[in-house]
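S.K.: Mind looking over this structure? Questions follow.
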Amino acid sequence: MSHHSPQVSADLIWEVSRSQNAFLVKRAQSGGIRFSRDPFNLVNIHSRKHAGFVNDKAIGVVENKDEKKGLTLITKSKSTQKPAKGVVKTGLSGSKSTRKTYKTIASNTTKSGYRSDLRAEAIARASAIRKSQRPVKASPESKVRGAKAKKAAAEKEE
């Protein structure tokens, strides 16, 4: 995560680093669209609003690699001069229901006055991660419908 002094504004840091930074991904195809790999960027769009390395307050939702079905909510703390204490990680267990997970994310973002504008994006990111962790169900065999189809299926069995 990026370290910046409280004497330098976030806008200045963005203007200096927006064209080149470690998280920027440029795509020449697709009209030159720009993405971001910043762990604090919830929508992976390269913009000032979503750039977590620039903002003083940022939220990240990542998959928990230790647990099979878990999330980690990452937020920045106020200690910019102490990098080890600059990030607060909150583990959300996979055994917890999804509604409780979303409520925890909402309470850590909106209710505590952190970044209420990122609440919906954080919940959407958590939802996508939880959906990817669910096992894939096998699709059932399609049923034969109609008289002609049943007759053809009976002839194949014989």
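Chain labels follow the order of the structure tokens: the first chain is A, the next B, and so on; residue numbering restarts at 1 in every chain, and ligands are counted from 1 in their shown order.
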Range 59-68 of chain A: which residues within 10 Å, counting only C-alpha atoms, same-chain residues fewer than 2 positions away excluded, as a count of residues only?
M.R.: 43
S.K.: Could you tell me which of A:Ala120, A:Ala128, A:Glu155, A:Lys148 comes closest to Ala106 in chain A if we count only C-alpha atoms?
M.R.: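 Between A:Ala120, A:Ala128, A:Glu155, A:Lys148, the residue approaching Ala106 in chain A most closely is A:Ala120.
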S.K.: Give me, as a list in words, the residues of range 57-120 of chain A that a backbone DSSP run labels strand (DSSP E).
M.R.: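 Answer for range 57-120 of chain A, restricted to strand (DSSP E): Ile59, Gly60, Val61, Val62, Glu63, Leu71, Thr72, Leu73, Ile74, Thr75, Lys76, Val87, Val88, Lys89, Thr90, Gly91 and Leu92 of chain A.
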S.K.: Any chance you could export the current selection's all heavy atoms as a compact mmCIF listing (two decimals), in the first residue's frame?
M.R.:
```
# COMPACT_ATOMS: atom_id res chain seq x y z
N ILE A 59 -11.39 1.05 1.14
CA ILE A 59 -11.92 -0.25 1.55
C ILE A 59 -11.52 -1.28 0.50
O ILE A 59 -11.57 -1.00 -0.69
CB ILE A 59 -13.45 -0.21 1.66
CG1 ILE A 59 -13.89 0.86 2.64
CG2 ILE A 59 -14.02 -1.55 2.08
CD1 ILE A 59 -15.34 1.21 2.52
N GLY A 60 -11.17 -2.47 0.95
CA GLY A 60 -10.88 -3.56 0.04
C GLY A 60 -11.52 -4.84 0.55
O GLY A 60 -11.55 -5.09 1.74
N VAL A 61 -12.07 -5.63 -0.36
CA VAL A 61 -12.64 -6.93 -0.02
C VAL A 61 -11.91 -7.95 -0.88
O VAL A 61 -11.97 -7.89 -2.10
CB VAL A 61 -14.16 -6.98 -0.30
CG1 VAL A 61 -14.72 -8.35 0.04
CG2 VAL A 61 -14.88 -5.90 0.50
N VAL A 62 -11.21 -8.88 -0.23
CA VAL A 62 -10.45 -9.89 -0.95
C VAL A 62 -10.80 -11.27 -0.41
O VAL A 62 -11.31 -11.41 0.71
CB VAL A 62 -8.92 -9.66 -0.84
CG1 VAL A 62 -8.51 -8.40 -1.56
CG2 VAL A 62 -8.47 -9.64 0.60
N GLU A 63 -10.52 -12.27 -1.21
CA GLU A 63 -10.77 -13.65 -0.80
C GLU A 63 -9.73 -14.05 0.25
O GLU A 63 -8.55 -13.75 0.13
CB GLU A 63 -10.68 -14.57 -2.01
CG GLU A 63 -11.04 -15.99 -1.71
CD GLU A 63 -11.01 -16.85 -2.96
OE1 GLU A 63 -10.58 -16.36 -4.02
OE2 GLU A 63 -11.42 -18.01 -2.87
N LEU A 71 -13.79 -14.27 3.57
CA LEU A 71 -13.44 -12.97 3.02
C LEU A 71 -12.57 -12.22 4.02
O LEU A 71 -12.61 -12.50 5.21
CB LEU A 71 -14.69 -12.13 2.76
CG LEU A 71 -15.74 -12.67 1.81
CD1 LEU A 71 -16.98 -11.81 1.90
CD2 LEU A 71 -15.21 -12.64 0.42
N THR A 72 -11.84 -11.26 3.53
CA THR A 72 -11.10 -10.35 4.38
C THR A 72 -11.46 -8.93 3.97
O THR A 72 -11.33 -8.57 2.81
CB THR A 72 -9.59 -10.56 4.23
OG1 THR A 72 -9.29 -11.93 4.53
CG2 THR A 72 -8.82 -9.68 5.19
N LEU A 73 -11.94 -8.16 4.93
CA LEU A 73 -12.25 -6.75 4.71
C LEU A 73 -11.04 -5.95 5.15
O LEU A 73 -10.57 -6.08 6.27
CB LEU A 73 -13.49 -6.35 5.52
CG LEU A 73 -13.93 -4.91 5.43
CD1 LEU A 73 -14.48 -4.63 4.04
CD2 LEU A 73 -14.97 -4.61 6.47
N ILE A 74 -10.51 -5.12 4.25
CA ILE A 74 -9.31 -4.34 4.53
C ILE A 74 -9.68 -2.87 4.54
O ILE A 74 -10.32 -2.39 3.61
CB ILE A 74 -8.23 -4.58 3.46
CG1 ILE A 74 -7.96 -6.07 3.27
CG2 ILE A 74 -6.95 -3.86 3.82
CD1 ILE A 74 -7.13 -6.36 2.06
N THR A 75 -9.29 -2.17 5.58
CA THR A 75 -9.51 -0.72 5.66
C THR A 75 -8.21 -0.05 6.08
O THR A 75 -7.35 -0.67 6.70
CB THR A 75 -10.62 -0.37 6.68
OG1 THR A 75 -10.30 -0.96 7.93
CG2 THR A 75 -11.96 -0.86 6.21
N LYS A 76 -8.09 1.21 5.73
CA LYS A 76 -6.91 1.98 6.12
C LYS A 76 -7.17 2.63 7.47
O LYS A 76 -8.27 3.08 7.75
CB LYS A 76 -6.62 3.07 5.09
CG LYS A 76 -5.97 2.58 3.83
CD LYS A 76 -5.58 3.76 2.97
CE LYS A 76 -4.83 3.34 1.75
NZ LYS A 76 -4.40 4.49 0.95
N VAL A 87 -2.94 -0.66 7.97
CA VAL A 87 -4.00 -1.44 7.38
C VAL A 87 -4.66 -2.28 8.47
O VAL A 87 -3.98 -2.92 9.26
CB VAL A 87 -3.44 -2.37 6.27
CG1 VAL A 87 -4.51 -3.28 5.74
CG2 VAL A 87 -2.84 -1.56 5.16
N VAL A 88 -5.99 -2.28 8.49
CA VAL A 88 -6.75 -3.09 9.44
C VAL A 88 -7.46 -4.17 8.65
O VAL A 88 -8.23 -3.87 7.75
CB VAL A 88 -7.78 -2.23 10.21
CG1 VAL A 88 -8.60 -3.09 11.14
CG2 VAL A 88 -7.09 -1.12 10.97
N LYS A 89 -7.17 -5.44 8.98
CA LYS A 89 -7.80 -6.56 8.28
C LYS A 89 -8.82 -7.21 9.21
O LYS A 89 -8.51 -7.55 10.34
CB LYS A 89 -6.75 -7.59 7.86
CG LYS A 89 -5.81 -7.06 6.82
CD LYS A 89 -4.84 -8.12 6.36
CE LYS A 89 -3.93 -7.58 5.29
NZ LYS A 89 -3.03 -8.59 4.76
N THR A 90 -10.03 -7.38 8.69
CA THR A 90 -11.11 -8.02 9.42
C THR A 90 -11.49 -9.29 8.69
O THR A 90 -11.93 -9.24 7.54
CB THR A 90 -12.34 -7.08 9.50
OG1 THR A 90 -11.92 -5.83 10.03
CG2 THR A 90 -13.42 -7.68 10.38
N GLY A 91 -11.31 -10.43 9.34
CA GLY A 91 -11.64 -11.70 8.72
C GLY A 91 -13.12 -12.00 8.87
O GLY A 91 -13.71 -11.85 9.94
N LEU A 92 -13.74 -12.41 7.76
CA LEU A 92 -15.15 -12.78 7.76
C LEU A 92 -15.24 -14.25 7.36
O LEU A 92 -14.88 -14.62 6.25
CB LEU A 92 -15.93 -11.91 6.77
CG LEU A 92 -15.82 -10.40 7.01
CD1 LEU A 92 -16.44 -9.64 5.86
CD2 LEU A 92 -16.48 -10.03 8.31
```
S.K.: Skip Ser19 in chain A itself and residues of its chain fewer than 6 positions away, then list as a list in words all residues within 10 Å of it, counting only C-alpha atoms.
M.R.: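 Contacts, in chain order: Lys26, Arg34 and His46 of chain A.
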S.K.: Export all heavy atoms of the chosen residues as a PDB file, in the first residue's frame?
M.R.:
```pdb
ATOM      1  N   LYS A  26      -3.103  -1.087 -18.625  1.00  0.00           N
ATOM      2  CA  LYS A  26      -3.588  -0.434 -19.840  1.00  0.00           C
ATOM      3  C   LYS A  26      -3.892  -1.498 -20.883  1.00  0.00           C
ATOM      4  O   LYS A  26      -3.110  -2.415 -21.091  1.00  0.00           O
ATOM      5  CB  LYS A  26      -2.539   0.525 -20.386  1.00  0.00           C
ATOM      6  CG  LYS A  26      -2.210   1.673 -19.467  1.00  0.00           C
ATOM      7  CD  LYS A  26      -1.144   2.555 -20.082  1.00  0.00           C
ATOM      8  CE  LYS A  26      -0.765   3.687 -19.161  1.00  0.00           C
ATOM      9  NZ  LYS A  26       0.301   4.526 -19.727  1.00  0.00           N
ATOM     10  N   ARG A  34      -8.537   1.558 -19.158  1.00  0.00           N
ATOM     11  CA  ARG A  34      -7.561   1.400 -18.082  1.00  0.00           C
ATOM     12  C   ARG A  34      -8.220   0.748 -16.873  1.00  0.00           C
ATOM     13  O   ARG A  34      -9.276   1.178 -16.430  1.00  0.00           O
ATOM     14  CB  ARG A  34      -7.007   2.751 -17.671  1.00  0.00           C
ATOM     15  CG  ARG A  34      -6.200   3.397 -18.756  1.00  0.00           C
ATOM     16  CD  ARG A  34      -5.746   4.752 -18.359  1.00  0.00           C
ATOM     17  NE  ARG A  34      -4.797   5.259 -19.329  1.00  0.00           N
ATOM     18  CZ  ARG A  34      -3.901   6.171 -19.063  1.00  0.00           C
ATOM     19  NH1 ARG A  34      -3.830   6.702 -17.876  1.00  0.00           N
ATOM     20  NH2 ARG A  34      -3.076   6.564 -20.005  1.00  0.00           N
ATOM     21  N   HIS A  46      -9.726   2.401 -13.099  1.00  0.00           N
ATOM     22  CA  HIS A  46      -8.675   3.371 -12.794  1.00  0.00           C
ATOM     23  C   HIS A  46      -9.287   4.770 -12.755  1.00  0.00           C
ATOM     24  O   HIS A  46      -9.473   5.409 -13.784  1.00  0.00           O
ATOM     25  CB  HIS A  46      -7.574   3.290 -13.846  1.00  0.00           C
ATOM     26  CG  HIS A  46      -6.430   4.199 -13.593  1.00  0.00           C
ATOM     27  ND1 HIS A  46      -5.578   4.047 -12.529  1.00  0.00           N
ATOM     28  CD2 HIS A  46      -5.990   5.289 -14.265  1.00  0.00           C
ATOM     29  CE1 HIS A  46      -4.665   4.992 -12.559  1.00  0.00           C
ATOM     30  NE2 HIS A  46      -4.904   5.766 -13.612  1.00  0.00           N
TER      31      HIS A  46
END
```
S.K.: Which value, in Å to one decimal, gives the distance between CA of Ser9 in chain A and CA of Asp56 in chain A?
M.R.: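 About the pair CA of Ser9 in chain A and CA of Asp56 in chain A: they are 9.5 Å apart.
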S.K.: Could you please write out, as a ChimeraX atom specification, every residue of range 44-151 of chain A that DSSP assigns to helix (DSSP H, G or I)?
M.R.: /A:83-85,98-111,116-133,147-151
S.K.: Include N, CA, C and O atoms and write out the residues we just selected as a compact mmCIF listing (two decimals), in the first residue's frame.
M.R.:
```txt
# COMPACT_ATOMS: atom_id res chain seq x y z
N PRO A 83 3.58 2.10 8.67
CA PRO A 83 3.02 1.23 7.64
C PRO A 83 2.47 -0.09 8.17
O PRO A 83 1.51 -0.62 7.63
N ALA A 84 3.07 -0.64 9.22
CA ALA A 84 2.58 -1.91 9.76
C ALA A 84 1.20 -1.76 10.38
O ALA A 84 0.39 -2.68 10.36
N LYS A 85 0.91 -0.60 10.92
CA LYS A 85 -0.39 -0.34 11.53
C LYS A 85 -1.33 0.41 10.59
O LYS A 85 -2.42 0.79 10.97
N THR A 98 -24.46 -15.12 4.52
CA THR A 98 -24.11 -14.01 3.64
C THR A 98 -24.74 -12.71 4.12
O THR A 98 -24.13 -11.66 3.99
N ARG A 99 -25.93 -12.78 4.70
CA ARG A 99 -26.55 -11.56 5.21
C ARG A 99 -25.74 -10.96 6.34
O ARG A 99 -25.60 -9.74 6.43
N LYS A 100 -25.21 -11.80 7.21
CA LYS A 100 -24.38 -11.30 8.31
C LYS A 100 -23.08 -10.72 7.77
O LYS A 100 -22.57 -9.73 8.29
N THR A 101 -22.54 -11.34 6.74
CA THR A 101 -21.32 -10.82 6.11
C THR A 101 -21.57 -9.44 5.53
O THR A 101 -20.79 -8.52 5.74
N TYR A 102 -22.67 -9.29 4.81
CA TYR A 102 -23.00 -7.99 4.21
C TYR A 102 -23.27 -6.95 5.28
O TYR A 102 -22.90 -5.79 5.13
N LYS A 103 -23.90 -7.36 6.37
CA LYS A 103 -24.19 -6.42 7.46
C LYS A 103 -22.89 -5.96 8.12
O LYS A 103 -22.74 -4.79 8.46
N THR A 104 -21.94 -6.86 8.26
CA THR A 104 -20.64 -6.50 8.82
C THR A 104 -19.92 -5.50 7.92
O THR A 104 -19.36 -4.51 8.40
N ILE A 105 -19.96 -5.75 6.63
CA ILE A 105 -19.31 -4.84 5.68
C ILE A 105 -19.99 -3.47 5.72
O ILE A 105 -19.33 -2.44 5.75
N ALA A 106 -21.31 -3.47 5.74
CA ALA A 106 -22.05 -2.20 5.78
C ALA A 106 -21.78 -1.44 7.07
O ALA A 106 -21.62 -0.22 7.06
N SER A 107 -21.69 -2.16 8.18
CA SER A 107 -21.44 -1.46 9.45
C SER A 107 -20.02 -0.93 9.53
O SER A 107 -19.78 0.11 10.12
N ASN A 108 -19.07 -1.62 8.92
CA ASN A 108 -17.68 -1.14 8.92
C ASN A 108 -17.47 0.02 7.96
O ASN A 108 -16.51 0.75 8.08
N THR A 109 -18.33 0.16 6.97
CA THR A 109 -18.17 1.24 6.00
C THR A 109 -19.06 2.43 6.30
O THR A 109 -18.60 3.52 6.56
N THR A 110 -20.36 2.21 6.31
CA THR A 110 -21.31 3.32 6.40
C THR A 110 -21.56 3.78 7.83
O THR A 110 -21.45 4.96 8.14
N LYS A 111 -21.89 2.85 8.69
CA LYS A 111 -22.32 3.23 10.04
C LYS A 111 -21.21 3.87 10.86
O LYS A 111 -21.46 4.68 11.72
N SER A 116 -19.12 5.94 3.01
CA SER A 116 -20.47 5.46 2.70
C SER A 116 -20.70 5.33 1.21
O SER A 116 -21.56 4.57 0.78
N ASP A 117 -19.94 6.04 0.38
CA ASP A 117 -20.12 5.96 -1.06
C ASP A 117 -19.63 4.63 -1.63
O ASP A 117 -20.00 4.26 -2.75
N LEU A 118 -18.84 3.88 -0.88
CA LEU A 118 -18.32 2.60 -1.37
C LEU A 118 -19.05 1.40 -0.80
O LEU A 118 -18.65 0.26 -1.03
N ARG A 119 -20.13 1.63 -0.06
CA ARG A 119 -20.85 0.53 0.58
C ARG A 119 -21.39 -0.45 -0.45
O ARG A 119 -21.19 -1.66 -0.34
N ALA A 120 -22.09 0.04 -1.45
CA ALA A 120 -22.70 -0.84 -2.46
C ALA A 120 -21.64 -1.62 -3.23
O ALA A 120 -21.82 -2.82 -3.51
N GLU A 121 -20.53 -0.97 -3.58
CA GLU A 121 -19.47 -1.66 -4.31
C GLU A 121 -18.81 -2.74 -3.46
O GLU A 121 -18.46 -3.81 -3.94
N ALA A 122 -18.65 -2.47 -2.15
CA ALA A 122 -18.03 -3.46 -1.26
C ALA A 122 -18.94 -4.67 -1.10
O ALA A 122 -18.46 -5.82 -1.11
N ILE A 123 -20.23 -4.45 -0.98
CA ILE A 123 -21.16 -5.57 -0.84
C ILE A 123 -21.24 -6.36 -2.14
O ILE A 123 -21.29 -7.59 -2.13
N ALA A 124 -21.21 -5.67 -3.28
CA ALA A 124 -21.22 -6.36 -4.58
C ALA A 124 -19.97 -7.21 -4.76
O ALA A 124 -20.03 -8.34 -5.26
N ARG A 125 -18.83 -6.68 -4.32
CA ARG A 125 -17.57 -7.44 -4.43
C ARG A 125 -17.61 -8.67 -3.53
O ARG A 125 -17.20 -9.76 -3.93
N ALA A 126 -18.12 -8.50 -2.30
CA ALA A 126 -18.24 -9.64 -1.38
C ALA A 126 -19.20 -10.68 -1.94
O ALA A 126 -18.96 -11.89 -1.84
N SER A 127 -20.28 -10.23 -2.55
CA SER A 127 -21.26 -11.14 -3.14
C SER A 127 -20.64 -11.95 -4.28
O SER A 127 -20.87 -13.16 -4.39
N ALA A 128 -19.85 -11.30 -5.11
CA ALA A 128 -19.20 -11.99 -6.23
C ALA A 128 -18.19 -13.02 -5.72
O ALA A 128 -18.09 -14.13 -6.27
N ILE A 129 -17.46 -12.68 -4.67
CA ILE A 129 -16.48 -13.62 -4.11
C ILE A 129 -17.19 -14.81 -3.48
O ILE A 129 -16.80 -15.96 -3.69
N ARG A 130 -18.27 -14.54 -2.74
CA ARG A 130 -19.02 -15.63 -2.12
C ARG A 130 -19.64 -16.54 -3.17
O ARG A 130 -19.69 -17.75 -3.02
N LYS A 131 -20.12 -15.96 -4.27
CA LYS A 131 -20.71 -16.75 -5.34
C LYS A 131 -19.66 -17.64 -6.00
O LYS A 131 -19.94 -18.78 -6.36
N SER A 132 -18.45 -17.13 -6.15
CA SER A 132 -17.39 -17.93 -6.77
C SER A 132 -16.93 -19.06 -5.86
O SER A 132 -16.35 -20.04 -6.34
N GLN A 133 -17.18 -18.97 -4.56
CA GLN A 133 -16.76 -20.00 -3.63
C GLN A 133 -17.78 -21.13 -3.49
O GLN A 133 -17.47 -22.17 -2.93
N ALA A 147 -45.52 -35.75 -27.42
CA ALA A 147 -45.80 -37.13 -27.82
C ALA A 147 -44.75 -37.66 -28.78
O ALA A 147 -44.27 -38.79 -28.65
N LYS A 148 -44.36 -36.84 -29.76
CA LYS A 148 -43.37 -37.29 -30.75
C LYS A 148 -42.01 -37.52 -30.09
O LYS A 148 -41.30 -38.46 -30.42
N ALA A 149 -41.64 -36.64 -29.15
CA ALA A 149 -40.34 -36.78 -28.48
C ALA A 149 -40.33 -38.02 -27.60
O ALA A 149 -39.32 -38.74 -27.53
N LYS A 150 -41.44 -38.30 -26.92
CA LYS A 150 -41.53 -39.51 -26.08
C LYS A 150 -41.45 -40.76 -26.93
O LYS A 150 -40.82 -41.75 -26.56
N LYS A 151 -42.09 -40.74 -28.10
CA LYS A 151 -42.06 -41.88 -29.00
C LYS A 151 -40.64 -42.11 -29.53
O LYS A 151 -40.16 -43.25 -29.58
```
S.K.: I'd like the interatomic distance between CA of Ser97 in chain A and CA of Ala51 in chain A, to a tenth of an Å.
M.R.: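 The value is 29.6 Å.
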S.K.: Which is closer to Arg37 in chain A than all the others in A:Ala22, A:Val54, A:Lys137, A:Lys49, using only C-alpha atoms?
M.R.: A:Ala22
